[in-house]
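Asks: Please see the structure below; I have some questions.
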4 protein chains.
Amino acid sequence: MIRLTDTNLLKAQGYGTDLFSQSARNKIREACGCPSAEVHFLVGGTQTNATVIDAVLKSYQGVIAANSGHISVHEAGAIEFGGHKVLTLPQKLGKITATDIQTLLSDYRNDANHDHTVMPGMVYLSHPTEYGTLYTREELRLISKVCRKNGIPLYLDGARLAYALACPENDITLQDLAELCDVFYIGGTKCGALFGEAVVIPRKNFIPHFFTIMKQHGALLAKGRLLGIQFDTLFTNDLYLHIGKPAIVTAEQIRCALMGHGYQPYFESPTNQVFVVLENTRMTELAEKVEFSFWEKYDDTHTVVRFATSWATNEADVEELLKILAE
Amino acid sequence: MIRLTDTNLLKAQGYGTDLFSQSARNKIREACGCPSAEVHFLVGGTQTNATVIDAVLKSYQGVIAANSGHISVHEAGAIEFGGHKVLTLPQKLGKITATDIQTLLSDYRNDANHDHTVMPGMVYLSHPTEYGTLYTREELRLISKVCRKNGIPLYLDGARLAYALACPENDITLQDLAELCDVFYIGGTKCGALFGEAVVIPRKNFIPHFFTIMKQHGALLAKGRLLGIQFDTLFTNDLYLHIGKPAIVTAEQIRCALMGHGYQPYFESPTNQVFVVLENTRMTELAEKVEFSFWEKYDDTHTVVRFATSWATNEADVEELLKILAE
Amino acid sequence: MIRLTDTNLLKAQGYGTDLFSQSARNKIREACGCPSAEVHFLVGGTQTNATVIDAVLKSYQGVIAANSGHISVHEAGAIEFGGHKVLTLPQKLGKITATDIQTLLSDYRNDANHDHTVMPGMVYLSHPTEYGTLYTREELRLISKVCRKNGIPLYLDGARLAYALACPENDITLQDLAELCDVFYIGGTKCGALFGEAVVIPRKNFIPHFFTIMKQHGALLAKGRLLGIQFDTLFTNDLYLHIGKPAIVTAEQIRCALMGHGYQPYFESPTNQVFVVLENTRMTELAEKVEFSFWEKYDDTHTVVRFATSWATNEADVEELLKILAE
Amino acid sequence: MIRLTDTNLLKAQGYGTDLFSQSARNKIREACGCPSAEVHFLVGGTQTNATVIDAVLKSYQGVIAANSGHISVHEAGAIEFGGHKVLTLPQKLGKITATDIQTLLSDYRNDANHDHTVMPGMVYLSHPTEYGTLYTREELRLISKVCRKNGIPLYLDGARLAYALACPENDITLQDLAELCDVFYIGGTKCGALFGEAVVIPRKNFIPHFFTIMKQHGALLAKGRLLGIQFDTLFTNDLYLHIGKPAIVTAEQIRCALMGHGYQPYFESPTNQVFVVLENTRMTELAEKVEFSFWEKYDDTHTVVRFATSWATNEADVEELLKILAE
């Protein structure tokens with residue numbers, strides 16, 4: 001944290017773009033074990049998804065995603081604004097499978113009228129998912145294999161990647177991502193930065209003219225060094241690998257406390273999001289004192305809510321919550 | 001039929017646009033009981049859907065449709081090309097309900113984060129549906145009521161409308177459509193015309209500058225009289241109300257014959273489409289002699305196929321099929 | 001003409017798509033001396049331009065065209081609707097030059113900030129131009145050479161191509177187009193067909209998935225045979241090479257007659273369009289008796305107008321005009 | 001400057017969005033004398049132009065702009081990506097006139113075929129212009145009058161607005177902008193902020209659902225307070241009105257020095273940009289020691305270059321330049 005504050009100060013003093021951004025790029029390349037990777041810095045997640053997806057797809061192609069994927073639900077139609085359809089697959093705890101992807105691709109190929117439908121042109125995953133769940137390395141490897149066999153690029157949205165990397169259950173490393181994905185982004189906005197996402201393209205020139213596409217999408221920050229400084233800091237001494245740790249620890253404490261007070265978990269989610277079923281009147285009481293988000297209706301008298309911790313959540317916050325739950 | 005041939009001949013002799021198209025417009029207005037309606041002629045169905053939907057929606061809005069709707073599945077992403085999301089609802093025999101539409105609209109309104117999602121901006125129905133099924137007048141009235149209560153335009157795709165109008169089970173008239181919808185189109189291409197669809201906008205100027213939008217979408221036919229002549233013929237002596245009749249009769253004959261030979265209907269569909277479950281080996285045999293379309297897998301050894309009749313299907317065609325089935 | 005009428009009759013009797021369209025494709029391939037060319041049939045010119053240009057360009061590219069080009073001026077923003085900028089060059093009598101194209105491309109390449117601008121991605125010509133003028137074979141060869149040297153596809157809009165091919169001044173053949181262009185279209189709508197344009201892609205698979213792109217653009221005619229029949233007729237016995245002849249002859253007669261009556265030609269145009277300067281009061285008189293189009297203001301008391309003949313203009317029409325001029 | 005540094009520090013300590021952004025909004029409303037104005041914060045200029053223009057225009061409309069306008073030239077086709085044409089007018093020193101706008105609108109209206117062309121839907125100005133020149137209050141008033149008479153919104157791009165406000169020649173105030181424009185933006189990125197532009201919509205709800213449109217364009221910054229803090233600072237004690245002063249002063253010093261050394265000014269520009277004609281060999285010499293931008297070729301042996309100062313340019317920078325010029 002302190003390092004962020006320090007560099008925040010530096011910003012106003014006008015250090016040059018190149019040094020910071022180049023340094024950040026090199027550290028990210030090293031962390032990914034991929035010295036020739038292209039690294040681009042964008043400002044926010046929706047912008048990054050819209051820009052990458054539009055850059056990868058041909059005009060007549062769509063992107064395969066979980067029906068719960070952020071691009072399907074929460075981006076105000078930014079993908080469709082770029083002219084592309086989101087081809088949704090059913091999810092299980094936010095995840096889709098290599099088998100379902102292969103079936104969709106085979107069905108497309110076998111459909112005698114497929115020229116009348118949207119051609120699947122890439123696969124979109126998020127890790128952690130919108131449900132806070134994690135793909136295993138093996139699941140990712142299988143998806144990657146299906147993608148390569150079918151000549152379809154694989155894109156991974158790492159908006160909350162730090163929370164995966166800090167989670168004991170996670171067995172996917174940055175190197176794995178660089179090996180198994182064609183594009184992915186390392187989230188800054190939700191992971192300790194003021195803003196910013198780092199797009200990594202392991203094979204150089206996989207997306208020609210990405211810079212111009214960024215400009216066209218209004219995704220180019222005039223003072224690019226602001227992004228460089230932040231990612232340079234996040235990738236110094238492996239900070240990014242650890243910055244999610246407190247969120248994981250406090251989420252686990254909340255999870256235990258909720259169970260201890262007899263609340264029913266909605267499903268297991270190992271990262272910084274805790275999903276729990278609350279009786280509606282209890283939910284209303286709690287809502288006055290604690291911040292959580294509505295997730296979905298459970299039944300007529302119960303609701304599923306989500307508690308999300310972040311790199312900035314601290315012990316005091318958790319104790320406060322525990323005290324409220326104990327009331 | 002003869003009248004179509006006659007006017008075909010007329011085409012090449014160059015009769016003026018205005019007379020034919022104006023006459024066709026007036027006859028359509030009369031048939032719809034709506035003297036002030038705007039009527040525009042376009043060439044094909046995908047083009048018509050893309051143009052109307054893009055004309056009605058604001059850039060940040062999407063269109064509500066059955067997940068089986070033609071615009072969801074079979075138009076190669078033409079709606080998304082215009083920048084809009086298709087917001088799908090589950091269908092039952094190709095139909096969606098007023099209740100489900102109201103729930104989607106209420107959920108949108110109640111979602112505290114709805115500014116991050118696509119705003120529902122219109123409702124798309126098809127009648128007959130892609131499954132050959134029909135809305136009842138009452139179902140359509142309820143959907144229309146929900147739409148008006150929520151200030152959302154209702155658009156009805158009548159690509160196969162002639163087959164509804166000729167069907168005894170149908171209780172929706174052209175006048176009902178003009179009263180209950182904000183825009184609808186009367187299909188020509190699949191209903192006896194060489195090509196052409198007539199968009200009807202009951203309230204004049206509901207879509208300002210529709211002509212320019214047609215041009216921008218490349219949907220303006222230079223020799224517009226070709227469309228005018230055909231619709232003028234189709235709306236002379238109520239031809240359009242009857243042209244679907246033979247298709248309905250022959251579909252019923254096929255339906256009976258299939259049942260008679262012990263084939264299982266997949267679901268009831270009163271118009272010109274017959275859905276039946278075939279054993280796979282039988283399907284392969286039949287495919288060599290008869291034309292039908294693959295619909296979906298039923299189980300490992302059976303398949304659902306679709307037989308579709310048209311205004312041009314005749315007794316001989318049906319007898320031929322019956323003979324083949326009897327083999 | 002008679003053959004068109006005959007085949008018009010055939011249409012309604014439902015001959016199959018494949019035979020007519022395949023035959024038309026083969027005749028066009030032969031006429032172009034390019035047996036492996038892809039040939040696609042679309043309905044109208046704006047649609048064809050929008051579809052081809054969107055299919056060829058990458059999302060961040062624009063199309064180079066004369067500032068008088070049809071796509072710049074008269075297509076209601078159809079190109080921009082597809083997301084592309086028209087990069088205009090100044091024209092001389094509707095034509096642009098190899099030198100100006102090379103300068104634009106070099107300027108782009110030498111601009112240190114070109115990543116912030118639209119990348120030129122193709123060249124659009126029309127032949128005859130919107131001014132009725134013609135490129136020479138040598139001019140086209142030089143433009144083609146610049147395009148190939150710079151790796152930029154060349155697209156030629158032949159909406160009125162028949163009038164070039166029938167014009168003595170023209171030295172560009174269909175074979176030349178197939179050799180020098182990457183895509184071009186042979187106009188039907190303005191050249192004797194009821195509607196229809198034939199897109200020719202000399203190198204097979206130069207535009208992958210063009211069929212799906214057509215569908216996405218709503219440019220696919222359900223009854224494709226209607227297009228096939230017309231082009232099959234137009235390319236039987238070289239009809240297309242001669243169909244423009246009467247228009248050229250009558251345009252020349254009008255041109256002479258106008259000069260004979262002392263009217264000033266605005267510029268030389270060898271094809272079916274005649275541009276002449278009229279005194280405003282004379283223009284008003286004539287407008288009541290003859291059809292012509294306003295082209296532009298000449299000065300406060302004179303106007304440039306355009307007379308356009310077509311394959312259907314006959315001697316009687318011309319004599320009528322001559323009589324009126326003589327009054 | 002110091003205040004910016006201070007608040008930079010604050011950022012990392014996580015002060016709430018609402019307080020800062022609301023405070024900034026209120027200060028901007030007050031500075032504009034428009035208490036009911038809507039104020040939205042976006043990240044960068046291209047993004048702001050693309051989002052505002054797409055939000056204001058109907059799908060079939062284009063935006064009127066100088067052919068030198070930033071949106072015509074330097075935004076990588078971001079406007080066309082949104083589906084809109086830029087309708088260019090010739091500029092004089094970067095400015096367009098009320099008369100030319102009226103002529104374009106009248107020509108459109110009088111064109112019998114205007115349904116085939118792009119409808120002008122808004123006017124885009126930049127102040128200062130891309131040439132560093134200024135509109136006078138009277139010129140702006142006349143343009144506004146033409147826009148209102150024709151029912152066309154007026155949008156002003158104030159990317160460099162601080163340099164206008166600090167310039168003695170300028171007679172347009174923020175209140176004037178709020179009175180005469182329908183939308184305008186107050187530039188932060190080029191005027192002392194790290195990033196950020198403040199869109200002001202004087203008449204509330206003039207653009208419905210602007211928030212969702214921002215999200216769809218990927219223009220919503222998750223940590224919006226970062227923008228609020230900066231604009232709150234810029235609008236405290238009228239800082240924004242003065243922050244451009246040093247740039248104006250140093251630009252004037254450079255201007256005088258250049259003239260003093262016999263360099264020819266290319267044209268008069270009162271703000272922070274100085275345009276001068278350099279002999280090419282001299283330009284090459286200078287380029288090794290000073291930073292300036294290539295503007296355009298003057299003739300074969302001379303080039304026009306641009307020197308731009310900013311709020312951060314100081315006396316030492318200028319003296320350094322003067323010394324180099326004196327060599």
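By order in the structure tokens, chains are A, B, ...; within a chain, residues start at 1; ligands start at 1, following the order shown.
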I'd like the contact shell of A:Leu161 - 7 Å cut-off, only C-alpha atoms, skipping same-chain residues fewer than 2 positions apart - returned as a count of residues only.
Replies: 9
Asks: Give the residues of chain C that lie within 8 Å of chain B; count only C-alpha atoms, and format the answer as a PyMOL selection string.
Replies: chain C and resi 4-5+8-9+12+43-48+50+75-78+81-82+189+194-195+212-213+215-223+226
Asks: Just the residues within 10 Å of A:Ala308, please, counting only C-alpha atoms, with nothing from its chain fewer than 4 positions along; format it as a count of residues only.
Replies: 15
Asks: Quick one: DSSP strand (DSSP E or B) residues in stretch 137-207 of chain D, as a list in words?
Replies: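 Of stretch 137-207 of chain D, only Leu154, Tyr155, Leu156, Asp157, Gly158, Val183, Phe184, Tyr185, Ile186, Gly187, Glu197, Ala198, Val199, Val200 and Ile201 of chain D fall in strand (DSSP E or B).
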Asks: Would you mind exporting N, CA and C atoms of the selected residues as an mmCIF file, in the first residue's frame?
Replies:
data_model
loop_
_atom_site.group_PDB
_atom_site.id
_atom_site.type_symbol
_atom_site.label_atom_id
_atom_site.label_comp_id
_atom_site.auth_asym_id
_atom_site.auth_seq_id
_atom_site.Cartn_x
_atom_site.Cartn_y
_atom_site.Cartn_z
ATOM 1 N N LEU D 154 -25.809 21.827 -30.560
ATOM 2 C CA LEU D 154 -24.436 22.352 -30.691
ATOM 3 C C LEU D 154 -23.562 21.766 -29.585
ATOM 4 N N TYR D 155 -22.443 21.175 -30.005
ATOM 5 C CA TYR D 155 -21.524 20.520 -29.060
ATOM 6 C C TYR D 155 -20.150 21.160 -29.196
ATOM 7 N N LEU D 156 -19.557 21.544 -28.087
ATOM 8 C CA LEU D 156 -18.247 22.186 -28.122
ATOM 9 C C LEU D 156 -17.227 21.354 -27.355
ATOM 10 N N ASP D 157 -16.124 21.051 -28.038
ATOM 11 C CA ASP D 157 -15.033 20.248 -27.486
ATOM 12 C C ASP D 157 -14.034 21.208 -26.840
ATOM 13 N N GLY D 158 -13.976 21.176 -25.532
ATOM 14 C CA GLY D 158 -13.082 22.084 -24.808
ATOM 15 C C GLY D 158 -11.853 21.375 -24.259
ATOM 16 N N VAL D 183 -24.323 20.814 -25.319
ATOM 17 C CA VAL D 183 -23.369 19.980 -24.582
ATOM 18 C C VAL D 183 -21.997 20.580 -24.816
ATOM 19 N N PHE D 184 -21.137 20.525 -23.819
ATOM 20 C CA PHE D 184 -19.728 20.872 -24.053
ATOM 21 C C PHE D 184 -18.906 20.139 -23.023
ATOM 22 N N TYR D 185 -17.591 20.044 -23.292
ATOM 23 C CA TYR D 185 -16.792 19.438 -22.230
ATOM 24 C C TYR D 185 -15.605 20.307 -21.865
ATOM 25 N N ILE D 186 -15.292 20.265 -20.602
ATOM 26 C CA ILE D 186 -14.203 21.041 -20.020
ATOM 27 C C ILE D 186 -13.022 20.091 -19.897
ATOM 28 N N GLY D 187 -11.965 20.374 -20.669
ATOM 29 C CA GLY D 187 -10.842 19.449 -20.734
ATOM 30 C C GLY D 187 -10.003 19.442 -19.475
ATOM 31 N N GLU D 197 -12.158 14.456 -18.328
ATOM 32 C CA GLU D 197 -12.882 15.502 -19.045
ATOM 33 C C GLU D 197 -14.260 15.598 -18.374
ATOM 34 N N ALA D 198 -14.756 16.810 -18.215
ATOM 35 C CA ALA D 198 -16.056 17.013 -17.572
ATOM 36 C C ALA D 198 -17.072 17.427 -18.630
ATOM 37 N N VAL D 199 -18.036 16.532 -18.889
ATOM 38 C CA VAL D 199 -19.095 16.838 -19.848
ATOM 39 C C VAL D 199 -20.196 17.614 -19.134
ATOM 40 N N VAL D 200 -20.561 18.767 -19.684
ATOM 41 C CA VAL D 200 -21.612 19.597 -19.090
ATOM 42 C C VAL D 200 -22.816 19.601 -20.032
ATOM 43 N N ILE D 201 -23.974 19.245 -19.497
ATOM 44 C CA ILE D 201 -25.234 19.259 -20.258
ATOM 45 C C ILE D 201 -26.145 20.265 -19.569
#
Asks: Residues of stretch 5-174 of chain C classed as helix (DSSP H, G or I) by DSSP on the backbone are to be reported as number ranges by chain.
Replies: C: 5-12, 17-31, 45-56, 70-73, 78-81, 98-110, 114-116, 137-150, 161-165, 174
Asks: Quick one: residues within 12 Å of C:Ser68, only C-alpha atoms, excluding same-chain residues fewer than 4 positions away - as a ChimeraX atom specification?
Replies: /C:64,72-75,86-96,124-126,129-132
Asks: So what do you get for atom CA of D:Asn110 versus atom CA of D:Thr97, distance-wise?
Replies: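 Computed distance, atom CA of D:Asn110 to atom CA of D:Thr97, equals 19.9 Å.
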Asks: For A:Met119, list every protein, DNA or RNA residue within 9 Å, evaluated using only C-alpha atoms, and leave out those in the same chain fewer than 5 positions away; present the list as a ChimeraX atom specification.
Replies: /A:60-63,105,108,114 /B:76-77 /C:212
Asks: Rounded to one decimal, what separation in Å do you get between atom CA of C:Arg25 and atom CA of C:Leu227?
Replies: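 Between atom CA of C:Arg25 and atom CA of C:Leu227 the gap works out to 10.6 Å.
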